[in-house]
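Report on the structure given below.
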Amino acid sequence: MITSNTKENIRNFQDDTEEKKAIQFEDFRREVLNDYKLAHLSRQMSLLARREVLSGKAKFGIFGDGKEIAQIAMARQFKEGDWRSGYYRDQTFMLATGMTTPKQFFAMLYGETRTELNPDNGGRSMNNHFGSRLIDPDGNWINQAENKNTSSDISPTGGQMPRLVGLALASKLYREQPELNHLKSFSKNGNEVAFGTIGDASTSEGLFFETMNAAAVLQIPMAVSVWDDGYGISVPVDLQTVKASISKALKGFEKQKGDAGGILIFEGFGWDYAGLCQMYEEGIRKCREEHVPVLFHVKELTQPTGHSTSGSHERYKPKERLEWEKEKDGLLQMHKWILETKLADEATLNRLETEAQEEAQAAQKEAFREIMTPIREEKTQLIEMIRTKKMRLPFMGRRTDQCHN
Amino acid sequence: MPEYSEDAPLVPGREIIRDNFDALFAKDPRILTLGEDTGKLGDVNRTLEGLQEKYGEWRVRDTGIHEATIVGEGIGLALRGLRPITEIQYFDYLLYTLHVISDDVATTHYRTKGGQKVPLIIRTRGHRLEGIWHSGSPLSMVINSVRGVHVCVPRDMTRAAGMYNTLLAGEDPALIIEPLNGYRIREKQPSNFGEFRIPLGIPEVLTEGTDVTLVTYGSCVRIAQEAITQLRETGISVELIDVQTLLPFDTKGIILNSLKKTNRIVFFDEDVPGGATAYMLQKVIEEQGGFYYLDDKPVTVTAKDHRPAYGTDGDYFSNPNAEDVYEAVYDMMGVAYPEKFPPIY
C-alpha cells in the first residue's frame with residue numbers, strides 16, 4: 001500500500017534556467033488558485049442548493065460537499081476518451097473536468113426537462129445524477145475518444161460498479177484486438193481509464209467485492225476512488241467494514257511483485273491537496289500504461305451538510321466528530337496550506353472565495369429564471385384565457401362564459 | 001425469414017445456434033460473448049463449440065461466477081461501441097443480476113432522456129427442466145422489472161437465432177431465454193445463417209382453429225401442440241399462437257384478430273398463477289379490447305403457487321402439462337356445448 005501524505009511542494013521544477021523555473025512556478029500557482037476557487041464554487045453550490053430545497057424551490061438535494069479537494073486532484077488526471085462511473089457526490093469532479101457547469105447543476109436540482117439546459121438527465125433523475133449525451137438526436141454515437149465521458153448515474157449505490165468493469169474492459173479489448181483498430185471514435189489504443197467513485201459505506205455491497213475481484217483478475221484500467229467520510233448515513237465505518245478500513249480489508253487483493261493479477265492500493269487524506277495530487281498522478285499513470293486496476297482509499301473526508309436534504313447529521317454524529325469535521329474540512333486545510341507555502345496571501349484567497357460565491361449565486365438565479373419562465377408564461381396565458389372567457393372547461397362541456405348562467 | 005435448401009438436413013438445435021453465432025462473429029468484429037463456461041467449453045450446452053478457438057479468448061471468454069459483473073461488463077462494453085452478448089448460464093441465475101438489468105440496463109435510455117443507449121444482449125436458457133431452481137419460468141418477475149428491455153421467449157433454436165439476428169441489426173437492450181430442452185431436438189437447417197430475422201412483437205399463428213384461441217410461448221408451445229392434437233381428435237378446433245416476445249407484446253393485434261373469430265381464449269405458461277399469463281390477459285382483454293369478443297370467461301393455465309418439486313410426481317403436479325391444457329379447453333367448450341362435451345369427471 002502506498003500512503004500519500006505530504007505537506008511538501010507537489011512539483012519538482014527541474015528546468016535549468018531560473019527564468020523557466022519562474023514561469024513554471026507561476027503556472028503551478030495559477031493552477032492551485034484555480035483549484036482553490038473551484039473548490040469554493042462547488043461548496044457554495046452545495047450550500048445554496050440545500051437552501052433552495054429547504055425553502056421549497058426544489059424537491060430534494062444531495063451534494064458533494066466535503067469531497068471537493070480529492071475530486072479536483074482526481075480530475076487533473078482525467079483525459080479525453082476517459083470514462084467515469086460514479087455516484088451522486090461527484091459534482092466537483094464534474095465541474096473540474098468541464099463535464100458540467102454550475103448552471104446545469106442548478107437546472108438538475110430544479111428538475112429542468114429541457115436537455116439543452118439539463119443535458120445529464122432531462123429531469124428524469126434527481127440532482128447530481130450525471131450522464132454525458134453519448135448519442136445524437138438520431139441515435140448515432142458521438143466521438144467518445146475526443147470527449148470526456150460519464151456513464152449515467154443511478155441512485156442505488158454500488159450499482160455503478162458492474163458497468164465500471166465493462167468500461168475498463170473495453171480499453172483492454174481495444175488495445176489487444178487489432179480487428180477493432182478501425183473504431184477510432186471509441187478508443188485510442190485502449191489508453192482510456194475508467195474512473196469509478198463509491199462511498200466508503202457502499203463498499204460493503206457484494207457488488208463492490210465482486211467487481212474488484214473481476215477487475216483484479218482481468219487486469220483492466222479501472223481506477224476506483226473510495227470517498228471515506230466515516231459514515232454510511234448514520235452507520236459508522238466500524239460497523240460497515242472489517243478493520244474499519246477498505247484498503248486494509250483488500251490487502252489480499254494487492255498486486256505484489258511477480259503477481260499476474262491484483263490491484264494497486266493507494267491511501268490518501270481528503271484534506272491533503274498536495275498529497276492527493278501526487279497520489280492520483282502516480283496511480284493513474286500506472287493504471288493507464290500498464291492496465292492495472294487501482295484503488296484509491298481517500299480517508300478523513302467530511303460531510304459538512306450531512307447526507308442529504310432529508311435529514312440532519314447532528315442527530316447521529318457526536319459533538320467531537322462534528323468539531324473534528326470542521327477542523328479537517330478540505331477547504332480550510334487547503335487555505336492553510338496555500339498560506340504556509342506562500343502561494344498566495346489571505347486577501348487573494350478571500351477575493352477568490354467571494355468570486356466563487358458570486359458565481360454560484362448567479363448560476364442559481366439564472367437556472368431558476370430559466371425553469372420559471374415557461375411556467376410563468378403559461379400562467380399568464382391561462383389567466384388571459386379565463387379573463388377573456390375563451391377557455392372551454394372540458395368537464396362541463398361548456399364555455400366559461402356560459403358558466404355564470 | 002429462414003431459407004432452406006431442398007436437401008436441408010435436420011440438425012440438433014444447438015448446432016443451429018452455434019452456426020448462426022459463427023456467421024455473426026465472422027461478419028462483425030464488435031460482436032463478442034462472455035460468461036460462465038462460455039469460452040473453452042463453448043457453453044455447457046455446446047452452443048459455442050469451437051468458437052473460442054476460431055475467434056480468440058477475448059471474443060469468446062470465460063468469466064468467474066458473478067452474474068452481476070457479467071451483465072455490468074456487457075453494459076460498459078456496449079456503451080463503448082462494442083456488441084456484447086452476455087451469458088447467464090441458466091434462467092434461475094438471472095436473479096443474481098436482475099437488479100443490474102432493472103436499475104441500469106432497463107433505464108439507461110429513459111433516465112438520460114435519450115442521451116445514452118446500451119446495445120446489450122443478455123442470453124440465457126430456461127423452462128421445463130427439474131427441481132426448485134432449474135425448472136419453472138418466473139417470467140412475470142422479469143417482465144415486471146425490466147420494462148425498457150426486450151424480452152424474447154423463442155420456442156426453438158431457429159426462432160432464437162432469428163431473434164439474435166434482429167437484435168444485432170438494432171441497438172436496443174434485450175434478454176433472450178432459449179428453451180433449454182430444445183438443444184437436442186432436431187430442426188431443419190436454414191441456409192442463411194446470420195441473415196434471417198424474427199421480428200419482435202409479432203406473434204405467430206402456428207395452427208389455425210375456430211373454437212378456442214390458445215396463447216403461449218417458449219417450451220410450452222410443444223406442450224400446447226400435444227394438447228391440441230388430442231383436442232382435434234375430440235372435435236375441438238384450437239388456434240395456437242406463439243407470442244414470441246413478451247416485451248414488446250403483439251403490437252399488431254394478431255391475438256385479438258384470432259379472438260374475434262373464436263370468442264374463447266386460454267393463456268398458458270409455466271409461471272405462477274397471476275404471473276405472465278395475467279400479463280398477457282391484461283394486454284389482450286383490456287388493452288386490445290378482447291373483452292368485447294368473449295363468449296366465456298378467459299382462462300389461464302399455469303404452474304402452481306410454489307416452486308416445482310423435483311420428484312417425478314411432484315414435478316407432474318407442480319408444472320402444467322398437456323392434460324391440464326386439454327382439460328381447460330375441453331371444459332370451456334363444455335360450457336358452450338354441454339351435450340357435445342359433457343364433463344370428463
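We label chains A, B, ... in the order they appear in the C-alpha cells, count residues from 1 in each chain, and number ligands from 1 in the order shown.
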* Could you please select, counting only C-alpha atoms, the residues of chain A within 8 Å of chain B and state them as number ranges by chain? => A: 115, 119-122, 124-125, 131-137, 139, 141, 144, 151-152, 154, 159, 161-170, 173, 179-180, 186, 207, 210-211, 214
* Skipping near chain neighbours, those fewer than 4 positions away, what residues fall within 10 Å of A:Asp200 using only C-alpha atoms, listed as a PyMOL selection string? -> chain A and resi 204+225-232+237+240-241+244-246+297-299
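Shortest atom-to-atom contact with B:Ala23 among B:Val221, B:Val149, B:Ile344, B:Ala161: B:Ala161, counting only C-alpha atoms.
Within stretch 195-286 of chain A, DSSP applied to the backbone places the following residues in strand (DSSP E or B): A:Phe195, A:Gly196, A:Thr197, A:Ile198, A:Gly199, A:Met222, A:Ala223, A:Val224, A:Ser225, A:Val226, A:Trp227, A:Tyr231, A:Gly232, A:Val235, A:Pro236, A:Glu254, A:Ile263, A:Leu264, A:Ile265, A:Phe266, A:Glu267, A:Gly268, A:Phe269.
Distances to B:Thr38 were evaluated for B:Ile265, B:Ile16, B:Leu167, B:Ile88 using only C-alpha atoms, and the minimum falls at B:Ile88.
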* Might you pull out every residue within 8 Å of A:Phe106, with only C-alpha atoms counted and same-chain residues fewer than 6 positions away left off, and present them as a list in words? => Ala49, Ala363, Gln364, Ala367 and Phe368 of chain A
* Can you work out the spacing between atom CA of A:Asn128 and atom CA of A:Gln91 in Å, to one decimal? => 6.3 Å
* Have a look at B:Ser102, B:Thr166, B:Gln189, B:Gln225 and name the one nearest to B:Arg14; count only C-alpha atoms. => B:Gln189
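Reported to one decimal place, the separation of atom CA of B:Val301 from atom CA of B:Glu226 is 14.9 Å.
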Hey, could you make a per-residue contact list for stretch 62-130 of chain A against stretch 371-389 of chain A with 8 Å as the cut-off, showing the nearest pair of atoms and its distance in Å to one decimal, counting only C-alpha atoms, sorted by chain and number, as CSV?
residue,atom,partner,partner_atom,distance
A:Ala107,CA,A:Ile371,CA,7.4
A:Tyr110,CA,A:Ile371,CA,7.4
A:Glu112,CA,A:Ile371,CA,6.2
Saved selection, atoms kept: all heavy atoms, as a PDB file, in the first residue's frame:
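Resulting contents of selection.pdb:
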ATOM      1  N   ALA A 107     -29.968  23.545 -12.748  1.00  0.00           N
ATOM      2  CA  ALA A 107     -31.073  23.096 -13.611  1.00  0.00           C
ATOM      3  C   ALA A 107     -31.495  21.681 -13.213  1.00  0.00           C
ATOM      4  O   ALA A 107     -32.686  21.361 -13.146  1.00  0.00           O
ATOM      5  CB  ALA A 107     -30.632  23.127 -15.071  1.00  0.00           C
ATOM      6  N   TYR A 110     -33.535  21.674 -10.020  1.00  0.00           N
ATOM      7  CA  TYR A 110     -34.930  22.087 -10.194  1.00  0.00           C
ATOM      8  C   TYR A 110     -35.744  21.090 -11.024  1.00  0.00           C
ATOM      9  O   TYR A 110     -36.930  21.263 -11.221  1.00  0.00           O
ATOM     10  CB  TYR A 110     -34.987  23.471 -10.865  1.00  0.00           C
ATOM     11  CG  TYR A 110     -34.360  24.578 -10.037  1.00  0.00           C
ATOM     12  CD1 TYR A 110     -33.411  25.436 -10.584  1.00  0.00           C
ATOM     13  CD2 TYR A 110     -34.733  24.772  -8.709  1.00  0.00           C
ATOM     14  CE1 TYR A 110     -32.837  26.456  -9.827  1.00  0.00           C
ATOM     15  CE2 TYR A 110     -34.165  25.776  -7.945  1.00  0.00           C
ATOM     16  CZ  TYR A 110     -33.216  26.611  -8.504  1.00  0.00           C
ATOM     17  OH  TYR A 110     -32.665  27.607  -7.750  1.00  0.00           O
ATOM     18  N   GLU A 112     -35.232  20.453 -14.299  1.00  0.00           N
ATOM     19  CA  GLU A 112     -35.406  21.022 -15.644  1.00  0.00           C
ATOM     20  C   GLU A 112     -35.534  19.886 -16.674  1.00  0.00           C
ATOM     21  O   GLU A 112     -34.737  18.954 -16.665  1.00  0.00           O
ATOM     22  CB  GLU A 112     -34.183  21.898 -15.965  1.00  0.00           C
ATOM     23  CG  GLU A 112     -34.092  22.423 -17.365  1.00  0.00           C
ATOM     24  CD  GLU A 112     -35.219  23.380 -17.724  1.00  0.00           C
ATOM     25  OE1 GLU A 112     -35.338  24.441 -17.107  1.00  0.00           O
ATOM     26  OE2 GLU A 112     -35.996  23.031 -18.637  1.00  0.00           O
TER      27      GLU A 112
END
* Asked: Which residues, written as a ChimeraX atom specification, have at least one atom at most 12 Å from B:Arg159, with only C-alpha atoms counted and residues fewer than 2 positions away on the same chain left out?
  -> /B:1-2,13,16-17,20,152-157,161-166,176-179,182,187-190,193,196-200,203-204,217-218,242-245
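From atom CA of B:Ile202 back to atom CA of B:Asp250, the distance works out to 5.2 Å.
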* Asked: If you count only C-alpha atoms, which residues fall within 9 Å of A:Pro304, apart from same-chain ones fewer than 6 positions away, as a list in words?
  -> Asp65, Gly66, His313, Leu322, Glu325, Lys326 and Asp329 of chain A
Write out the residues from the selection above, keeping all heavy atoms, as a tab-separated table (two decimals), in the first residue's frame.
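For reference, selection23.tsv as written:
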chain	number	residue	atom	x	y	z
A	65	ASP	N	-20.42	18.13	-0.90
A	65	ASP	CA	-19.60	18.97	-0.01
A	65	ASP	C	-18.74	18.08	0.89
A	65	ASP	O	-19.16	17.03	1.36
A	65	ASP	CB	-20.49	19.89	0.83
A	65	ASP	CG	-21.65	19.17	1.49
A	65	ASP	OD1	-22.48	18.60	0.75
A	65	ASP	OD2	-21.72	19.14	2.73
A	66	GLY	N	-17.53	18.54	1.10
A	66	GLY	CA	-16.58	17.77	1.92
A	66	GLY	C	-15.67	16.88	1.08
A	66	GLY	O	-14.68	16.36	1.57
A	313	HIS	N	-27.20	15.58	10.08
A	313	HIS	CA	-26.20	14.68	10.67
A	313	HIS	C	-25.92	14.98	12.13
A	313	HIS	O	-25.28	14.20	12.81
A	313	HIS	CB	-24.91	14.67	9.84
A	313	HIS	CG	-24.21	15.98	9.73
A	313	HIS	ND1	-22.86	16.08	9.54
A	313	HIS	CD2	-24.65	17.26	9.76
A	313	HIS	CE1	-22.51	17.35	9.46
A	313	HIS	NE2	-23.58	18.08	9.59
A	322	LEU	N	-18.23	16.22	14.97
A	322	LEU	CA	-18.64	17.43	14.24
A	322	LEU	C	-17.55	18.50	14.32
A	322	LEU	O	-17.25	19.18	13.34
A	322	LEU	CB	-19.98	17.95	14.78
A	322	LEU	CG	-21.19	17.06	14.45
A	322	LEU	CD1	-22.40	17.47	15.29
A	322	LEU	CD2	-21.53	17.10	12.97
A	325	GLU	N	-14.69	17.44	12.06
A	325	GLU	CA	-15.02	17.67	10.65
A	325	GLU	C	-14.80	19.13	10.26
A	325	GLU	O	-14.34	19.43	9.16
A	325	GLU	CB	-16.47	17.25	10.33
A	325	GLU	CG	-16.63	15.74	10.33
A	325	GLU	CD	-17.84	15.24	9.56
A	325	GLU	OE1	-18.43	16.02	8.77
A	325	GLU	OE2	-18.22	14.07	9.73
A	326	LYS	N	-15.10	20.04	11.19
A	326	LYS	CA	-14.87	21.47	10.91
A	326	LYS	C	-13.38	21.72	10.72
A	326	LYS	O	-12.95	22.43	9.82
A	326	LYS	CB	-15.41	22.32	12.05
A	326	LYS	CG	-16.89	22.63	11.88
A	326	LYS	CD	-17.38	23.56	12.97
A	326	LYS	CE	-18.90	23.58	12.96
A	326	LYS	NZ	-19.45	23.96	14.24
A	329	ASP	N	-11.93	20.07	7.46
A	329	ASP	CA	-12.57	20.48	6.20
A	329	ASP	C	-11.48	20.77	5.15
A	329	ASP	O	-10.57	21.57	5.39
A	329	ASP	CB	-13.41	21.73	6.45
A	329	ASP	CG	-14.28	22.07	5.25
A	329	ASP	OD1	-13.79	21.93	4.11
A	329	ASP	OD2	-15.44	22.48	5.44
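Comparing the minimum interatomic distances between A:Ala201 and each of A:Ala70, A:Ile233, A:Ala22, A:Ala216, counting only C-alpha atoms, we find that A:Ile233 sits nearest.
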